[in-house]
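**Student:** Dropping in input36.cif, which is mmCIF, C-alpha atoms and all ligand atoms:
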```cif
data_work
loop_
_atom_site.group_PDB
_atom_site.id
_atom_site.type_symbol
_atom_site.label_atom_id
_atom_site.label_comp_id
_atom_site.auth_asym_id
_atom_site.auth_seq_id
_atom_site.Cartn_x
_atom_site.Cartn_y
_atom_site.Cartn_z
ATOM 1 C CA MET A 9 42.420 60.947 -106.044
ATOM 2 C CA GLU A 10 44.302 64.219 -105.599
ATOM 3 C CA PHE A 11 45.045 64.592 -101.865
ATOM 4 C CA TYR A 12 43.216 67.873 -101.188
ATOM 5 C CA ASP A 13 40.179 66.729 -103.193
ATOM 6 C CA LEU A 14 40.127 63.595 -101.056
ATOM 7 C CA ILE A 15 40.197 65.645 -97.851
ATOM 8 C CA LYS A 16 37.387 67.861 -99.132
ATOM 9 C CA THR A 17 35.121 65.110 -100.424
ATOM 10 C CA ARG A 18 35.458 62.480 -97.656
ATOM 11 C CA GLU A 19 32.318 62.270 -95.571
ATOM 12 C CA SER A 20 31.049 60.066 -92.789
ATOM 13 C CA ILE A 21 28.668 57.719 -94.597
ATOM 14 C CA ARG A 22 25.663 56.283 -92.793
ATOM 15 C CA ASP A 23 24.324 54.050 -95.575
ATOM 16 C CA TYR A 24 25.741 50.601 -96.400
ATOM 17 C CA ASP A 25 24.590 47.972 -98.858
ATOM 18 C CA PRO A 26 25.111 44.561 -97.212
ATOM 19 C CA ASP A 27 25.323 42.954 -100.668
ATOM 20 C CA LYS A 28 28.366 44.967 -101.730
ATOM 21 C CA PRO A 29 31.400 43.615 -99.854
ATOM 22 C CA VAL A 30 34.816 45.179 -100.404
ATOM 23 C CA CYS A 31 37.158 42.939 -102.408
ATOM 24 C CA GLU A 32 40.211 41.431 -100.754
ATOM 25 C CA GLU A 33 42.857 43.464 -102.654
ATOM 26 C CA VAL A 34 41.157 46.743 -101.721
ATOM 27 C CA LEU A 35 40.806 45.682 -98.070
ATOM 28 C CA LYS A 36 44.511 44.832 -98.041
ATOM 29 C CA ARG A 37 45.536 48.223 -99.441
ATOM 30 C CA ILE A 38 43.418 50.003 -96.838
ATOM 31 C CA LEU A 39 44.840 47.923 -93.972
ATOM 32 C CA GLU A 40 48.357 48.491 -95.318
ATOM 33 C CA ALA A 41 47.797 52.264 -95.040
ATOM 34 C CA GLY A 42 46.996 51.755 -91.342
ATOM 35 C CA ARG A 43 50.091 49.611 -90.884
ATOM 36 C CA LEU A 44 52.263 52.411 -92.306
ATOM 37 C CA ALA A 45 50.878 55.083 -89.945
ATOM 38 C CA PRO A 46 53.368 56.789 -87.638
ATOM 39 C CA SER A 47 53.268 56.229 -83.865
ATOM 40 C CA ALA A 48 55.229 57.584 -80.917
ATOM 41 C CA SER A 49 58.662 55.926 -80.805
ATOM 42 C CA ASN A 50 57.373 53.709 -83.663
ATOM 43 C CA ARG A 51 55.764 51.372 -81.127
ATOM 44 C CA GLN A 52 52.784 50.514 -83.398
ATOM 45 C CA PRO A 53 50.669 49.540 -80.370
ATOM 46 C CA TRP A 54 47.667 48.499 -82.470
ATOM 47 C CA THR A 55 45.727 45.617 -83.954
ATOM 48 C CA PHE A 56 43.186 46.148 -86.733
ATOM 49 C CA VAL A 57 40.354 43.671 -86.198
ATOM 50 C CA LEU A 58 38.432 43.217 -89.460
ATOM 51 C CA VAL A 59 34.986 41.708 -88.932
ATOM 52 C CA SER A 60 33.515 40.159 -92.121
ATOM 53 C CA SER A 61 31.912 36.829 -91.151
ATOM 54 C CA ASN A 62 28.114 36.829 -90.872
ATOM 55 C CA LYS A 63 28.199 35.505 -87.311
ATOM 56 C CA LYS A 64 30.618 38.137 -86.029
ATOM 57 C CA LEU A 65 28.968 40.939 -88.037
ATOM 58 C CA LYS A 66 25.677 40.125 -86.327
ATOM 59 C CA GLU A 67 27.298 40.222 -82.862
ATOM 60 C CA THR A 68 29.259 43.389 -83.661
ATOM 61 C CA GLY A 69 26.138 44.992 -85.186
ATOM 62 C CA GLU A 70 24.425 44.712 -81.790
ATOM 63 C CA CYS A 71 26.984 47.119 -80.280
ATOM 64 C CA TYR A 72 25.678 50.259 -82.007
ATOM 65 C CA PRO A 73 21.926 50.858 -82.320
ATOM 66 C CA LYS A 74 21.676 52.117 -85.901
ATOM 67 C CA ASN A 75 20.248 50.104 -88.774
ATOM 68 C CA TRP A 76 22.757 51.458 -91.289
ATOM 69 C CA PHE A 77 25.576 50.160 -89.065
ATOM 70 C CA LYS A 78 24.068 46.663 -88.911
ATOM 71 C CA GLN A 79 24.023 46.546 -92.726
ATOM 72 C CA ALA A 80 27.746 47.101 -93.256
ATOM 73 C CA PRO A 81 29.534 44.146 -94.900
ATOM 74 C CA HIS A 82 32.680 44.816 -92.838
ATOM 75 C CA ILE A 83 33.387 46.469 -89.499
ATOM 76 C CA LEU A 84 36.919 47.541 -88.676
ATOM 77 C CA VAL A 85 37.743 47.717 -84.955
ATOM 78 C CA LEU A 86 40.887 49.539 -83.821
ATOM 79 C CA VAL A 87 42.373 47.886 -80.795
ATOM 80 C CA GLY A 88 45.366 49.179 -78.834
ATOM 81 C CA ASP A 89 47.582 47.860 -76.082
ATOM 82 C CA LYS A 90 48.519 50.536 -73.529
ATOM 83 C CA SER A 91 51.400 48.448 -72.237
ATOM 84 C CA LYS A 92 53.035 48.652 -75.690
ATOM 85 C CA SER A 93 52.648 52.371 -76.413
ATOM 86 C CA TRP A 94 55.137 55.100 -75.576
ATOM 87 C CA VAL A 95 55.008 56.812 -72.173
ATOM 88 C CA ARG A 96 56.498 60.278 -71.510
ATOM 89 C CA SER A 97 58.910 60.003 -68.597
ATOM 90 C CA TYR A 98 58.238 63.527 -67.232
ATOM 91 C CA ASP A 99 54.587 63.007 -66.409
ATOM 92 C CA GLY A 100 53.492 59.502 -67.458
ATOM 93 C CA TYR A 101 51.468 60.665 -70.498
ATOM 94 C CA ASN A 102 50.671 57.618 -72.675
ATOM 95 C CA SER A 103 50.496 58.195 -76.461
ATOM 96 C CA ILE A 104 48.024 55.367 -77.161
ATOM 97 C CA GLU A 105 45.005 57.496 -78.118
ATOM 98 C CA THR A 106 47.055 59.679 -80.445
ATOM 99 C CA ASP A 107 48.659 56.631 -82.088
ATOM 100 C CA LEU A 108 45.310 54.935 -82.646
ATOM 101 C CA ALA A 109 43.675 58.128 -83.949
ATOM 102 C CA ILE A 110 46.442 58.562 -86.525
ATOM 103 C CA ALA A 111 46.095 54.938 -87.654
ATOM 104 C CA MET A 112 42.323 55.432 -87.971
ATOM 105 C CA ASP A 113 42.801 58.584 -90.037
ATOM 106 C CA HIS A 114 45.189 56.757 -92.383
ATOM 107 C CA LEU A 115 42.690 53.899 -92.751
ATOM 108 C CA ILE A 116 39.739 56.203 -93.398
ATOM 109 C CA LEU A 117 41.564 58.332 -95.958
ATOM 110 C CA ALA A 118 42.905 55.231 -97.725
ATOM 111 C CA ALA A 119 39.363 53.832 -97.823
ATOM 112 C CA GLU A 120 38.089 57.087 -99.320
ATOM 113 C CA ASN A 121 40.834 56.896 -101.936
ATOM 114 C CA GLU A 122 39.537 53.430 -102.854
ATOM 115 C CA GLY A 123 35.945 54.696 -103.069
ATOM 116 C CA VAL A 124 35.088 52.767 -99.883
ATOM 117 C CA SER A 125 32.779 54.469 -97.380
ATOM 118 C CA THR A 126 33.537 54.836 -93.667
ATOM 119 C CA CYS A 127 32.161 56.439 -90.515
ATOM 120 C CA TRP A 128 34.379 56.913 -87.465
ATOM 121 C CA ILE A 129 32.281 55.682 -84.509
ATOM 122 C CA ILE A 130 32.906 55.766 -80.781
ATOM 123 C CA ALA A 131 29.378 55.794 -79.320
ATOM 124 C CA TYR A 132 29.181 51.978 -79.166
ATOM 125 C CA ASP A 133 28.472 49.682 -76.236
ATOM 126 C CA TYR A 134 32.049 48.989 -75.218
ATOM 127 C CA GLU A 135 31.437 45.829 -73.188
ATOM 128 C CA LYS A 136 29.264 44.203 -75.843
ATOM 129 C CA LEU A 137 31.820 45.017 -78.533
ATOM 130 C CA ALA A 138 34.710 43.694 -76.448
ATOM 131 C CA ARG A 139 32.847 40.393 -76.039
ATOM 132 C CA ALA A 140 31.893 40.253 -79.722
ATOM 133 C CA ILE A 141 35.465 40.581 -80.973
ATOM 134 C CA GLY A 142 37.065 38.531 -78.176
ATOM 135 C CA LEU A 143 39.189 41.395 -76.835
ATOM 136 C CA LYS A 144 42.375 40.113 -75.168
ATOM 137 C CA GLU A 145 43.850 41.067 -71.825
ATOM 138 C CA ASN A 146 45.693 44.438 -71.959
ATOM 139 C CA GLU A 147 43.767 45.405 -75.095
ATOM 140 C CA LEU A 148 41.373 48.366 -75.357
ATOM 141 C CA ILE A 149 39.057 49.375 -78.201
ATOM 142 C CA TYR A 150 39.559 52.953 -79.452
ATOM 143 C CA CYS A 151 37.214 53.352 -82.420
ATOM 144 C CA ILE A 152 35.417 51.497 -85.163
ATOM 145 C CA THR A 153 34.261 52.108 -88.719
ATOM 146 C CA PRO A 154 32.069 50.276 -91.172
ATOM 147 C CA LEU A 155 33.709 49.583 -94.544
ATOM 148 C CA GLY A 156 31.489 49.240 -97.587
ATOM 149 C CA TYR A 157 29.505 50.960 -100.301
ATOM 150 C CA PRO A 158 26.187 52.837 -100.043
ATOM 151 C CA HIS A 159 22.989 51.625 -101.711
ATOM 152 C CA ASP A 160 22.530 52.641 -105.363
ATOM 153 C CA GLY A 161 21.314 56.207 -105.660
ATOM 154 C CA PHE A 162 22.907 57.415 -102.410
ATOM 155 C CA LYS A 163 24.198 60.978 -102.649
ATOM 156 C CA LYS A 164 26.860 62.534 -100.432
ATOM 157 C CA ARG A 165 26.006 65.788 -98.615
ATOM 158 C CA GLY A 166 28.613 67.443 -100.829
ATOM 159 C CA HIS A 167 29.787 70.198 -98.504
ATOM 160 C CA LYS A 168 31.645 70.475 -95.214
ATOM 161 C CA ILE A 169 30.116 72.012 -92.099
ATOM 162 C CA ARG A 170 33.147 73.545 -90.428
ATOM 163 C CA LYS A 171 34.191 76.633 -88.495
ATOM 164 C CA PRO A 172 35.870 79.287 -90.675
ATOM 165 C CA LEU A 173 39.662 79.200 -90.913
ATOM 166 C CA GLU A 174 40.010 82.553 -89.083
ATOM 167 C CA GLU A 175 38.257 81.026 -86.096
ATOM 168 C CA VAL A 176 40.479 77.964 -85.825
ATOM 169 C CA VAL A 177 43.883 79.449 -86.697
ATOM 170 C CA ARG A 178 45.820 81.722 -84.389
ATOM 171 C CA ARG A 179 48.983 83.190 -85.965
ATOM 172 C CA ILE A 180 51.479 84.657 -83.554
HETATM 173 C C1 LIG B 1 36.401 60.751 -82.697
HETATM 174 C C2 LIG B 1 35.148 60.681 -83.525
HETATM 175 C C3 LIG B 1 34.038 60.000 -83.044
HETATM 176 C C4 LIG B 1 32.869 59.907 -83.815
HETATM 177 N N1 LIG B 1 31.822 59.143 -83.346
HETATM 178 C C5 LIG B 1 30.730 58.994 -84.119
HETATM 179 C C6 LIG B 1 29.673 58.133 -83.702
HETATM 180 O O1 LIG B 1 29.724 57.493 -82.662
HETATM 181 N N2 LIG B 1 28.576 58.013 -84.518
HETATM 182 C C7 LIG B 1 28.483 58.677 -85.725
HETATM 183 O O2 LIG B 1 27.484 58.510 -86.420
HETATM 184 N N3 LIG B 1 29.489 59.495 -86.139
HETATM 185 C C8 LIG B 1 30.601 59.665 -85.383
HETATM 186 N N4 LIG B 1 31.638 60.463 -85.817
HETATM 187 C C9 LIG B 1 31.535 61.167 -87.121
HETATM 188 C C10 LIG B 1 31.374 62.686 -86.943
HETATM 189 O O3 LIG B 1 30.049 62.969 -86.558
HETATM 190 C C11 LIG B 1 31.748 63.367 -88.267
HETATM 191 O O4 LIG B 1 33.096 63.098 -88.582
HETATM 192 C C12 LIG B 1 31.556 64.894 -88.198
HETATM 193 O O5 LIG B 1 30.214 65.213 -88.005
HETATM 194 C C13 LIG B 1 32.051 65.573 -89.475
HETATM 195 O O6 LIG B 1 31.384 65.050 -90.608
HETATM 196 P P1 LIG B 1 32.158 64.378 -91.825
HETATM 197 O O7 LIG B 1 32.968 63.227 -91.272
HETATM 198 O O8 LIG B 1 31.067 63.884 -92.760
HETATM 199 O O9 LIG B 1 33.040 65.402 -92.458
HETATM 200 C C14 LIG B 1 32.805 60.551 -85.082
HETATM 201 C C15 LIG B 1 33.937 61.224 -85.563
HETATM 202 C C16 LIG B 1 35.084 61.283 -84.819
HETATM 203 C C17 LIG B 1 36.312 61.978 -85.390
#
```
Show the structure stored in the file as structure tokens.
**Tutor:**
Amino acid sequence: MEFYDLIKTRESIRDYDPDKPVCEEVLKRILEAGRLAPSASNRQPWTFVLVSSNKKLKETGECYPKNWFKQAPHILVLVGDKSKSWVRSYDGYNSIETDLAIAMDHLILAAENEGVSTCWIIAYDYEKLARAIGLKENELIYCITPLGYPHDGFKKRGHKIRKPLEEVVRRI
């Protein structure tokens, strides 16, 4: 899809058909887009945990109380390791959240380009999710998204609800 059309038409989708899994080649292309994302000092302090097995989907589904979430055939969990990300020497600022957000954006836009629906989610039960995915020491979860396709007949909202450009741009 043309890049600006993709930006305009991507939406957070809250409708997933459990019987429509994403095929392996498409999953790989999406994950590859995350792998190629930039990060401070090229540290790549991330792991993309792809949940697809029924057992783990059930456990992961318990971490966010929405039925549409529990129906997704895949859940992608973005995990970062703060000890591996870049730290600014002047003040100790750690780039981990920025790095992980960029990776997530790459993954979500790549998914959209493949016709795969996503919804960036952070309002999950962190502890439950950490247990469900077997989070390792030093690792933190930054965000998750379902990956899948809506039920037949689902229609996107079709327009963006955003502040006007004049309100968000300051030219000096
Ligand atoms: C950092 C971040 C966290 C979000 N967390 C949630 C969430 O927990 N649950 C949810 O349903 N949507 C979540 N969203 C989706 C936003 O509500 C959505 O992106 C926003 O309303 C704009 O809509 P659009 O993505 O359809 O353009 C999140 C988005 C971002 C960027």
**Student:** Return as a Markdown table the residues of region 85-123 of chain A lying at most 12 Å from region 138-158 of chain A, together with the closest atom-to-atom pair for each and the distance in Å to one decimal, counting all atoms listed in the file, with rows in chain order and ascending residue number.
**Tutor:**
```
| residue | atom | partner | partner_atom | distance |
| --- | --- | --- | --- | --- |
| A:Val85 | CA | A:Ile152 | CA | 4.4 |
| A:Leu86 | CA | A:Cys151 | CA | 5.5 |
| A:Val87 | CA | A:Ile149 | CA | 4.5 |
| A:Gly88 | CA | A:Leu148 | CA | 5.4 |
| A:Asp89 | CA | A:Glu147 | CA | 4.6 |
| A:Lys90 | CA | A:Asn146 | CA | 6.9 |
| A:Ser91 | CA | A:Asn146 | CA | 7.0 |
| A:Lys92 | CA | A:Asn146 | CA | 9.3 |
| A:Ser93 | CA | A:Glu147 | CA | 11.4 |
| A:Ile104 | CA | A:Tyr150 | CA | 9.1 |
| A:Glu105 | CA | A:Tyr150 | CA | 7.2 |
| A:Thr106 | CA | A:Tyr150 | CA | 10.1 |
| A:Asp107 | CA | A:Tyr150 | CA | 10.2 |
| A:Leu108 | CA | A:Tyr150 | CA | 6.9 |
| A:Ala109 | CA | A:Tyr150 | CA | 8.0 |
| A:Ile110 | CA | A:Tyr150 | CA | 11.4 |
| A:Ala111 | CA | A:Cys151 | CA | 10.4 |
| A:Met112 | CA | A:Cys151 | CA | 7.8 |
| A:Asp113 | CA | A:Cys151 | CA | 10.8 |
| A:Leu115 | CA | A:Thr153 | CA | 9.5 |
| A:Ile116 | CA | A:Thr153 | CA | 8.3 |
| A:Leu117 | CA | A:Leu155 | CA | 11.8 |
| A:Ala118 | CA | A:Leu155 | CA | 11.3 |
| A:Ala119 | CA | A:Leu155 | CA | 7.8 |
| A:Glu120 | CA | A:Leu155 | CA | 9.9 |
| A:Glu122 | CA | A:Gly156 | CA | 10.5 |
| A:Gly123 | CA | A:Tyr157 | CA | 7.9 |
```
**Student:** Closest to ligand LIG 1 (chain B) among A:Arg96, A:Lys63, A:His82, A:Arg22, using all atoms listed in the file?
**Tutor:**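 Of A:Arg96, A:Lys63, A:His82, A:Arg22, the one nearest ligand LIG 1 (chain B) is A:Arg22, counting all atoms listed in the file.
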**Student:** Identify all residues satisfying the PyMOL selection byres (((chain A and resi 132) around 9) and not hetatm) in the given file; provide them as JSON, numbers by chain.
**Tutor:** {"A": [71, 72, 73, 129, 130, 131, 133, 134, 135, 136, 137, 151, 152]}
**Student:** Keeping only C-alpha atoms, write the selected residues to a file as a PDB file, in the coordinates of the input.
**Tutor:**
```
ATOM      1  CA  CYS A  71      26.984  47.119 -80.280  1.00  0.00           C
ATOM      2  CA  TYR A  72      25.678  50.259 -82.007  1.00  0.00           C
ATOM      3  CA  PRO A  73      21.926  50.858 -82.320  1.00  0.00           C
ATOM      4  CA  ILE A 129      32.281  55.682 -84.509  1.00  0.00           C
ATOM      5  CA  ILE A 130      32.906  55.766 -80.781  1.00  0.00           C
ATOM      6  CA  ALA A 131      29.378  55.794 -79.320  1.00  0.00           C
ATOM      7  CA  ASP A 133      28.472  49.682 -76.236  1.00  0.00           C
ATOM      8  CA  TYR A 134      32.049  48.989 -75.218  1.00  0.00           C
ATOM      9  CA  GLU A 135      31.437  45.829 -73.188  1.00  0.00           C
ATOM     10  CA  LYS A 136      29.264  44.203 -75.843  1.00  0.00           C
ATOM     11  CA  LEU A 137      31.820  45.017 -78.533  1.00  0.00           C
ATOM     12  CA  CYS A 151      37.214  53.352 -82.420  1.00  0.00           C
ATOM     13  CA  ILE A 152      35.417  51.497 -85.163  1.00  0.00           C
TER      14      ILE A 152
END
```
**Student:** Do you know which residues the PyMOL selection byres (((chain A and resi 25) around 10) and not hetatm) returns on this file, as number ranges by chain?
**Tutor:** A: 23-24, 26-29, 76, 79-81, 156-160
**Student:** Just give me the gap between CA of Leu65 (chain A) and CA of Leu84 (chain A) in Å, one decimal is fine.
**Tutor:** 10.4 Å
**Student:** Rank A:Pro172, A:Arg178, A:Val95, A:Trp128 by their smallest atom-to-atom distance to Arg51 (chain A), using all atoms listed in the file, and report the top residue only.
**Tutor:**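 Residue with the minimum atom-to-atom distance to Arg51 (chain A): A:Val95.
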**Student:** Could you check which of A:Asn121, A:Asn50, A:Asn75, A:Ser97 is closest to ligand LIG 1 (chain B), using only C-alpha atoms and all ligand atoms?
**Tutor:**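 Closest to ligand LIG 1 (chain B), using only C-alpha atoms and all ligand atoms: A:Asn75.
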**Student:** Which residue, A:Glu175, A:Phe162, A:Gly69, A:Cys127, has the smallest gap to ligand LIG 1 (chain B) when you use all atoms listed in the file?
**Tutor:** A:Cys127
**Student:** Once 3 Å is added on each side, what centre and edge lengths in Å to one decimal does the axis-aligned box around all listed atoms of ligand LIG 1 (chain B) have, as lines of an AutoDock Vina configuration file?
**Tutor:**
```
center_x = 31.9
center_y = 61.5
center_z = -87.7
size_x = 14.9
size_y = 14.1
size_z = 16.1
```
**Student:** Using all atoms listed in the file, which of A:Lys168, A:Lys64, A:Arg179, A:Arg37 sits nearest ligand LIG 1 (chain B)?
**Tutor:**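 Closest to ligand LIG 1 (chain B), using all atoms listed in the file: A:Lys168.
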**Student:** Nearest residue to Glu32 (chain A) out of A:Ser60, A:Lys164, A:Val176, A:Tyr101, using all atoms listed in the file?
**Tutor:**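 Of the candidates, the smallest distance to Glu32 (chain A) is held by A:Ser60.
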**Student:** Can you sort out region 74-102 of chain A so it carries N, CA and C atoms, written as a short mmCIF file (atom, residue, chain, number, x, y, z; two decimals), keeping the file's coordinate frame?
**Tutor:**
```
data_model
loop_
_atom_site.label_atom_id
_atom_site.label_comp_id
_atom_site.auth_asym_id
_atom_site.auth_seq_id
_atom_site.Cartn_x
_atom_site.Cartn_y
_atom_site.Cartn_z
N LYS A 74 22.13 51.46 -84.67
CA LYS A 74 21.68 52.12 -85.90
C LYS A 74 21.56 51.06 -87.00
N ASN A 75 20.46 51.12 -87.73
CA ASN A 75 20.25 50.10 -88.77
C ASN A 75 21.31 50.15 -89.86
N TRP A 76 21.74 51.35 -90.24
CA TRP A 76 22.76 51.46 -91.29
C TRP A 76 24.05 50.76 -90.87
N PHE A 77 24.34 50.79 -89.57
CA PHE A 77 25.58 50.16 -89.06
C PHE A 77 25.47 48.64 -89.20
N LYS A 78 24.27 48.12 -88.86
CA LYS A 78 24.07 46.66 -88.91
C LYS A 78 24.14 46.12 -90.34
N GLN A 79 24.02 47.00 -91.33
CA GLN A 79 24.02 46.55 -92.73
C GLN A 79 25.42 46.51 -93.36
N ALA A 80 26.40 47.03 -92.65
CA ALA A 80 27.75 47.10 -93.26
C ALA A 80 28.32 45.69 -93.49
N PRO A 81 28.96 45.47 -94.63
CA PRO A 81 29.53 44.15 -94.90
C PRO A 81 30.85 43.89 -94.17
N HIS A 82 31.45 44.96 -93.64
CA HIS A 82 32.68 44.82 -92.84
C HIS A 82 32.65 45.87 -91.73
N ILE A 83 33.17 45.50 -90.58
CA ILE A 83 33.39 46.47 -89.50
C ILE A 83 34.85 46.37 -89.10
N LEU A 84 35.51 47.52 -89.08
CA LEU A 84 36.92 47.54 -88.68
C LEU A 84 37.01 48.09 -87.25
N VAL A 85 37.64 47.34 -86.37
CA VAL A 85 37.74 47.72 -84.96
C VAL A 85 39.21 47.99 -84.64
N LEU A 86 39.50 49.20 -84.14
CA LEU A 86 40.89 49.54 -83.82
C LEU A 86 41.16 49.28 -82.35
N VAL A 87 42.06 48.35 -82.13
CA VAL A 87 42.37 47.89 -80.80
C VAL A 87 43.81 48.31 -80.47
N GLY A 88 44.02 48.78 -79.24
CA GLY A 88 45.37 49.18 -78.83
C GLY A 88 45.76 48.51 -77.53
N ASP A 89 47.05 48.46 -77.31
CA ASP A 89 47.58 47.86 -76.08
C ASP A 89 48.43 48.92 -75.38
N LYS A 90 47.89 49.43 -74.27
CA LYS A 90 48.52 50.54 -73.53
C LYS A 90 49.89 50.16 -72.99
N SER A 91 50.11 48.88 -72.79
CA SER A 91 51.40 48.45 -72.24
C SER A 91 52.48 48.46 -73.32
N LYS A 92 52.06 48.64 -74.59
CA LYS A 92 53.04 48.65 -75.69
C LYS A 92 53.30 50.05 -76.23
N SER A 93 52.47 51.02 -75.87
CA SER A 93 52.65 52.37 -76.41
C SER A 93 53.66 53.16 -75.59
N TRP A 94 54.08 54.27 -76.18
CA TRP A 94 55.14 55.10 -75.58
C TRP A 94 54.58 55.91 -74.40
N VAL A 95 55.40 56.03 -73.36
CA VAL A 95 55.01 56.81 -72.17
C VAL A 95 56.05 57.90 -71.94
N ARG A 96 55.58 59.15 -71.75
CA ARG A 96 56.50 60.28 -71.51
C ARG A 96 57.00 60.20 -70.08
N SER A 97 58.33 60.25 -69.93
CA SER A 97 58.91 60.00 -68.60
C SER A 97 58.60 61.13 -67.61
N TYR A 98 58.44 62.38 -68.15
CA TYR A 98 58.24 63.53 -67.23
C TYR A 98 56.95 63.43 -66.42
N ASP A 99 55.89 62.95 -67.07
CA ASP A 99 54.59 63.01 -66.41
C ASP A 99 53.72 61.76 -66.62
N GLY A 100 54.26 60.75 -67.29
CA GLY A 100 53.49 59.50 -67.46
C GLY A 100 52.45 59.53 -68.56
N TYR A 101 52.43 60.61 -69.38
CA TYR A 101 51.47 60.66 -70.50
C TYR A 101 51.69 59.49 -71.44
N ASN A 102 50.59 58.79 -71.79
CA ASN A 102 50.67 57.62 -72.68
C ASN A 102 50.11 58.01 -74.05
#
```
